[in-house]
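Below you'll find the structure, written out as structure tokens, and then a few comments.
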Amino acid sequence: MTNKIKVALVQDYIKEFGGAESVLETLSDIFPNAPIYTSIYKPQFLGPHQGRLEKKWNHRIHQSFFQYIPFAEKIISPLRLISSLAFKSFNFSKFDIIITSATGAYFPNSLNKKSAKLICYCHTPPRYLYGLPTARKFTQNKFIKFIVEIINHFLRLQDFKYSQNVDQYLANSHTTAARIQKFYRCDSIVINPPVNFPKIAPALSREGARRAEGFFLAGGRLARAKRFDIAIQACNQLNLKLKIFGRDFSNTLEDLKKISASSAKAFASAESNIEFIGEVTQEEKAKLYQNAAAFIFSADQEDFGIVPVESMAYGCPVIAYKSGGVTETVVDGKTGIFFDKLTPESCADAIKRFQKLKLKSSDCISRAAEFSTEVFISKIKKLISQK
């Protein structure tokens with residue numbers, strides 16, 4: 001059925017690999033003949049995923065005129081002011097269905113859909129427009145903040161206008177669905193994003209080995225809203241080893257290293273227990289999950305949170321701040337444990353409570369299976385077949 005329908009895929013921009021890009025990759029697998037439209041395509045920034053994605057995407061990508069703006073990858077944020085022009089420049093007249101993967105950075109739903117049905121897979125409405133924590137540190141200059149607020153007011157009006165161009169919203173979580181209803185006054189269908197599940201089932205008797213390894217794990221996009229500083233300070237308070245993986249997209253790493261060093265000094269550790277691993281391959285990440293005592297997730301109001309579910313898929317329980325999408329995936333006391341305040345002390349208390357529990361890897365794996373790629377593919381195919 002889906003092979004007879006002409007589908008186009010649209011992504012804000014492609015110059016990093018995170019949850020949105022993972023969703024796009026799976027959508028591109030579901031619809032292997034669908035071209036991919038994006039404002040900017042910079043595969044050199046895709047890290048260890050570059051080779052795989054270039055092979056899949058290079059012949060399918062259609063970029064906007066943004067691609068030819070000098071140093072476009074360095075001015076991604078300012079370009080959002082005219083991002084609607086990039087998507088309006090594409091011709092979608094020959095398609096039956098257009099699926100946008102909207103990260104909340106640009107305005108892909110501004111496109112001219114012609115007679116096609118526009119389906120938006122919404123990762124979140126723009127966080128910077130609606131008071132949610134963002135990846136970048138904002139200036140404290142009062143005059144600049146005032147100007148930005150005026151600009152954001154008009155961008156919110158624009159965002160709402162383009163939101164009404166969508167025929168069907170798909171939300172990555174109930175958290176995001178609530179935001180879509182609040183800000184756009186639109187209903188949505190919740191289809192959780194695909195989570196990378198190990199091809200070979202991990203050993204289920206890892207509890208003893210995890211305790212023996214003695215390290216905790218954190219990682220993903222190294223961005224401010226992920227609040228890695230909370231995990232760092234909590235682990236230094238308890239003199240525990242913490243390994244952090246991921247690529248820095250907004251000068252966060254240097255800040256985290258400073259926090260790590262000062263926290264270690266403040267709590268009289270002989271040396272910092274924090275190890276920054278950098279960007280890792282899926283195979284390297286799998287080994288980290290399989291050997292860590294637990295994954296610490298302290299993101300503030302996360303939209304969904306693929307990494308915690310991925311962690312559970314490898315049998316690794318999660319210690320998480322109780323907010324956003326992670327409250328929909330982690331089962332408190334069974335596949336992980338929550339802390340209620342976004343402070344190092346609250347996180348440290350959760351770690352101590354976790355250490356007294358005996359959570360089963362099998363429970364983590366079973367829970368993660370509910371969010372597998374296969375489940376995502378099945379739901380998307382069923383939805384498209386009904387259009």
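Residue numbering restarts at 1 in every chain; chains get A, B, ... in the order shown in the structure tokens, and ligands count up from 1 in that same order.
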- Item | Distance query Ala350 in chain A at most 8 Å, only C-alpha atoms, self and fewer than 4 positions along chain excluded, as a list of chain:residue names | A:Ile319, A:Ile337, A:Phe338, A:Phe339, A:Ser346, A:Phe354
- What's the 7 Å shell around range 279-289 of chain A, counting only C-alpha atoms, without same-chain residues fewer than 6 positions away, as a ChimeraX atom specification? /A:48,245-247,311,314,316
Give me, as JSON lines, each residue of range 93-117 of chain A that comes within 9 Å of range 3-16 of chain A, together with its shortest interatomic pair and the distance in Å at one decimal, counting only C-alpha atoms, with rows ordered by chain and rising residue number.
```
{"residue": "A:Lys94", "atom": "CA", "partner": "A:Lys6", "partner_atom": "CA", "distance": 7.5}
{"residue": "A:Phe95", "atom": "CA", "partner": "A:Lys6", "partner_atom": "CA", "distance": 4.9}
{"residue": "A:Asp96", "atom": "CA", "partner": "A:Lys6", "partner_atom": "CA", "distance": 5.2}
{"residue": "A:Ile97", "atom": "CA", "partner": "A:Val7", "partner_atom": "CA", "distance": 4.9}
{"residue": "A:Ile98", "atom": "CA", "partner": "A:Ala8", "partner_atom": "CA", "distance": 4.8}
{"residue": "A:Ile99", "atom": "CA", "partner": "A:Leu9", "partner_atom": "CA", "distance": 5.0}
{"residue": "A:Thr100", "atom": "CA", "partner": "A:Val10", "partner_atom": "CA", "distance": 4.5}
{"residue": "A:Ser101", "atom": "CA", "partner": "A:Gln11", "partner_atom": "CA", "distance": 5.0}
{"residue": "A:Ala102", "atom": "CA", "partner": "A:Asp12", "partner_atom": "CA", "distance": 6.2}
{"residue": "A:Thr103", "atom": "CA", "partner": "A:Asp12", "partner_atom": "CA", "distance": 6.7}
{"residue": "A:Gly104", "atom": "CA", "partner": "A:Asp12", "partner_atom": "CA", "distance": 8.2}
{"residue": "A:Ala105", "atom": "CA", "partner": "A:Asp12", "partner_atom": "CA", "distance": 6.8}
{"residue": "A:Tyr106", "atom": "CA", "partner": "A:Asp12", "partner_atom": "CA", "distance": 5.6}
{"residue": "A:Phe107", "atom": "CA", "partner": "A:Asp12", "partner_atom": "CA", "distance": 7.2}
{"residue": "A:Pro108", "atom": "CA", "partner": "A:Asp12", "partner_atom": "CA", "distance": 6.0}
```
- Query: With distances taken over only C-alpha atoms, which of A:His153, A:Lys334, A:Lys114, A:Lys257 is nearest to Asp363 in chain A?
  - Reply: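 Using only C-alpha atoms, Asp363 in chain A sits closest to A:Lys334.
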- Query: Between A:Gly278, A:Ala348, A:Phe160, A:Asp300, which has the minimum distance to Asn239 in chain A (counting only C-alpha atoms)?
  - Reply: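 Comparing A:Gly278, A:Ala348, A:Phe160, A:Asp300 against Asn239 in chain A, the winner is A:Ala348.
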- Nearby residues (only C-alpha atoms) at most 12 Å from Phe183 in chain A, same-chain spacing under 4 positions excluded, as a list in words: Thr124, Pro125, Pro126, Arg127, Leu129, Tyr130, Gly131, Arg156, Leu157, Asp159, Phe160, Lys161, Tyr162, Ser163, Gln164, Thr176, Ala177, Ala178, Arg179 and Asp187 of chain A
- Message: For the helix (DSSP H, G or I) assignment from backbone DSSP, which residues of range 81-226 of chain A qualify? Please present them as a PyMOL selection string.
- Response: chain A and resi 81-88+108-110+127-129+142-163+174-184+207-213+224-226
- Message: Between A:Ala299, A:Leu81, A:Ile30, A:Ile119, which residue has the minimum interatomic distance to Val148 in chain A, considering only C-alpha atoms?
- Response: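 Closest to Val148 in chain A of all the choices is A:Leu81.
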- Item | Selection near Ala86 in chain A, 9 Å with only C-alpha atoms, sequence-local residues under 2 positions removed, as a PyMOL selection string | chain A and resi 38-39+63-66+82-84+88-90+108+111
Would you output that residue set with N, CA, C and O atoms, as a PDB file, in the first residue's frame?
```
ATOM      1  N   THR A  38      15.411  19.260   3.017  1.00  0.00           N
ATOM      2  CA  THR A  38      15.915  19.894   4.233  1.00  0.00           C
ATOM      3  C   THR A  38      16.549  21.239   3.882  1.00  0.00           C
ATOM      4  O   THR A  38      16.950  21.464   2.732  1.00  0.00           O
ATOM      5  N   SER A  39      16.632  22.112   4.858  1.00  0.00           N
ATOM      6  CA  SER A  39      17.200  23.434   4.598  1.00  0.00           C
ATOM      7  C   SER A  39      18.706  23.361   4.385  1.00  0.00           C
ATOM      8  O   SER A  39      19.245  23.961   3.457  1.00  0.00           O
ATOM      9  N   GLN A  63      18.408  20.056  -0.920  1.00  0.00           N
ATOM     10  CA  GLN A  63      18.667  21.152   0.001  1.00  0.00           C
ATOM     11  C   GLN A  63      18.061  22.447  -0.523  1.00  0.00           C
ATOM     12  O   GLN A  63      17.882  22.617  -1.723  1.00  0.00           O
ATOM     13  N   SER A  64      17.810  23.359   0.396  1.00  0.00           N
ATOM     14  CA  SER A  64      17.318  24.674   0.018  1.00  0.00           C
ATOM     15  C   SER A  64      18.493  25.589  -0.302  1.00  0.00           C
ATOM     16  O   SER A  64      19.663  25.190  -0.213  1.00  0.00           O
ATOM     17  N   PHE A  65      18.196  26.835  -0.611  1.00  0.00           N
ATOM     18  CA  PHE A  65      19.253  27.809  -0.893  1.00  0.00           C
ATOM     19  C   PHE A  65      20.102  28.109   0.343  1.00  0.00           C
ATOM     20  O   PHE A  65      21.188  28.664   0.234  1.00  0.00           O
ATOM     21  N   PHE A  66      19.633  27.695   1.534  1.00  0.00           N
ATOM     22  CA  PHE A  66      20.440  27.853   2.753  1.00  0.00           C
ATOM     23  C   PHE A  66      21.792  27.159   2.604  1.00  0.00           C
ATOM     24  O   PHE A  66      22.781  27.571   3.195  1.00  0.00           O
ATOM     25  N   ILE A  82      14.281  33.297   8.909  1.00  0.00           N
ATOM     26  CA  ILE A  82      13.824  33.227   7.509  1.00  0.00           C
ATOM     27  C   ILE A  82      13.672  31.780   7.047  1.00  0.00           C
ATOM     28  O   ILE A  82      13.625  31.504   5.852  1.00  0.00           O
ATOM     29  N   SER A  83      13.601  30.850   8.014  1.00  0.00           N
ATOM     30  CA  SER A  83      13.567  29.426   7.645  1.00  0.00           C
ATOM     31  C   SER A  83      12.342  29.067   6.820  1.00  0.00           C
ATOM     32  O   SER A  83      12.379  28.138   6.006  1.00  0.00           O
ATOM     33  N   SER A  84      11.234  29.772   7.017  1.00  0.00           N
ATOM     34  CA  SER A  84      10.033  29.457   6.239  1.00  0.00           C
ATOM     35  C   SER A  84      10.283  29.625   4.738  1.00  0.00           C
ATOM     36  O   SER A  84       9.725  28.891   3.921  1.00  0.00           O
ATOM     37  N   LYS A  88       9.342  26.941   1.752  1.00  0.00           N
ATOM     38  CA  LYS A  88       8.401  27.391   0.713  1.00  0.00           C
ATOM     39  C   LYS A  88       9.028  27.316  -0.678  1.00  0.00           C
ATOM     40  O   LYS A  88       8.313  27.351  -1.682  1.00  0.00           O
ATOM     41  N   SER A  89      10.351  27.195  -0.738  1.00  0.00           N
ATOM     42  CA  SER A  89      11.029  27.168  -2.041  1.00  0.00           C
ATOM     43  C   SER A  89      10.937  25.801  -2.717  1.00  0.00           C
ATOM     44  O   SER A  89      11.236  25.679  -3.902  1.00  0.00           O
ATOM     45  N   PHE A  90      10.497  24.774  -1.989  1.00  0.00           N
ATOM     46  CA  PHE A  90      10.403  23.426  -2.555  1.00  0.00           C
ATOM     47  C   PHE A  90       9.063  23.217  -3.267  1.00  0.00           C
ATOM     48  O   PHE A  90       8.040  23.763  -2.863  1.00  0.00           O
ATOM     49  N   PRO A 108       9.275  23.996   9.261  1.00  0.00           N
ATOM     50  CA  PRO A 108       9.072  23.187   8.056  1.00  0.00           C
ATOM     51  C   PRO A 108       7.612  23.085   7.621  1.00  0.00           C
ATOM     52  O   PRO A 108       7.325  22.842   6.449  1.00  0.00           O
ATOM     53  N   LEU A 111       5.689  24.976   4.488  1.00  0.00           N
ATOM     54  CA  LEU A 111       5.784  24.588   3.075  1.00  0.00           C
ATOM     55  C   LEU A 111       4.434  24.647   2.373  1.00  0.00           C
ATOM     56  O   LEU A 111       3.372  24.566   3.003  1.00  0.00           O
TER      57      LEU A 111
END
```
- Would you mind telling me which residue in A:Gly220, A:Leu118, A:Ile191, A:Phe146 lies nearest to Asp167 in chain A when using only C-alpha atoms?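 For Asp167 in chain A, the nearest of the given residues is A:Leu118.
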- Task: Would you mind listing what lies within 10 Å of Ile365 in chain A as a PyMOL selection string, with only C-alpha atoms counted and same-chain residues fewer than 3 positions away left out?
- Result: chain A and resi 197-198+201-202+204+309-317+335+360-362+368-370
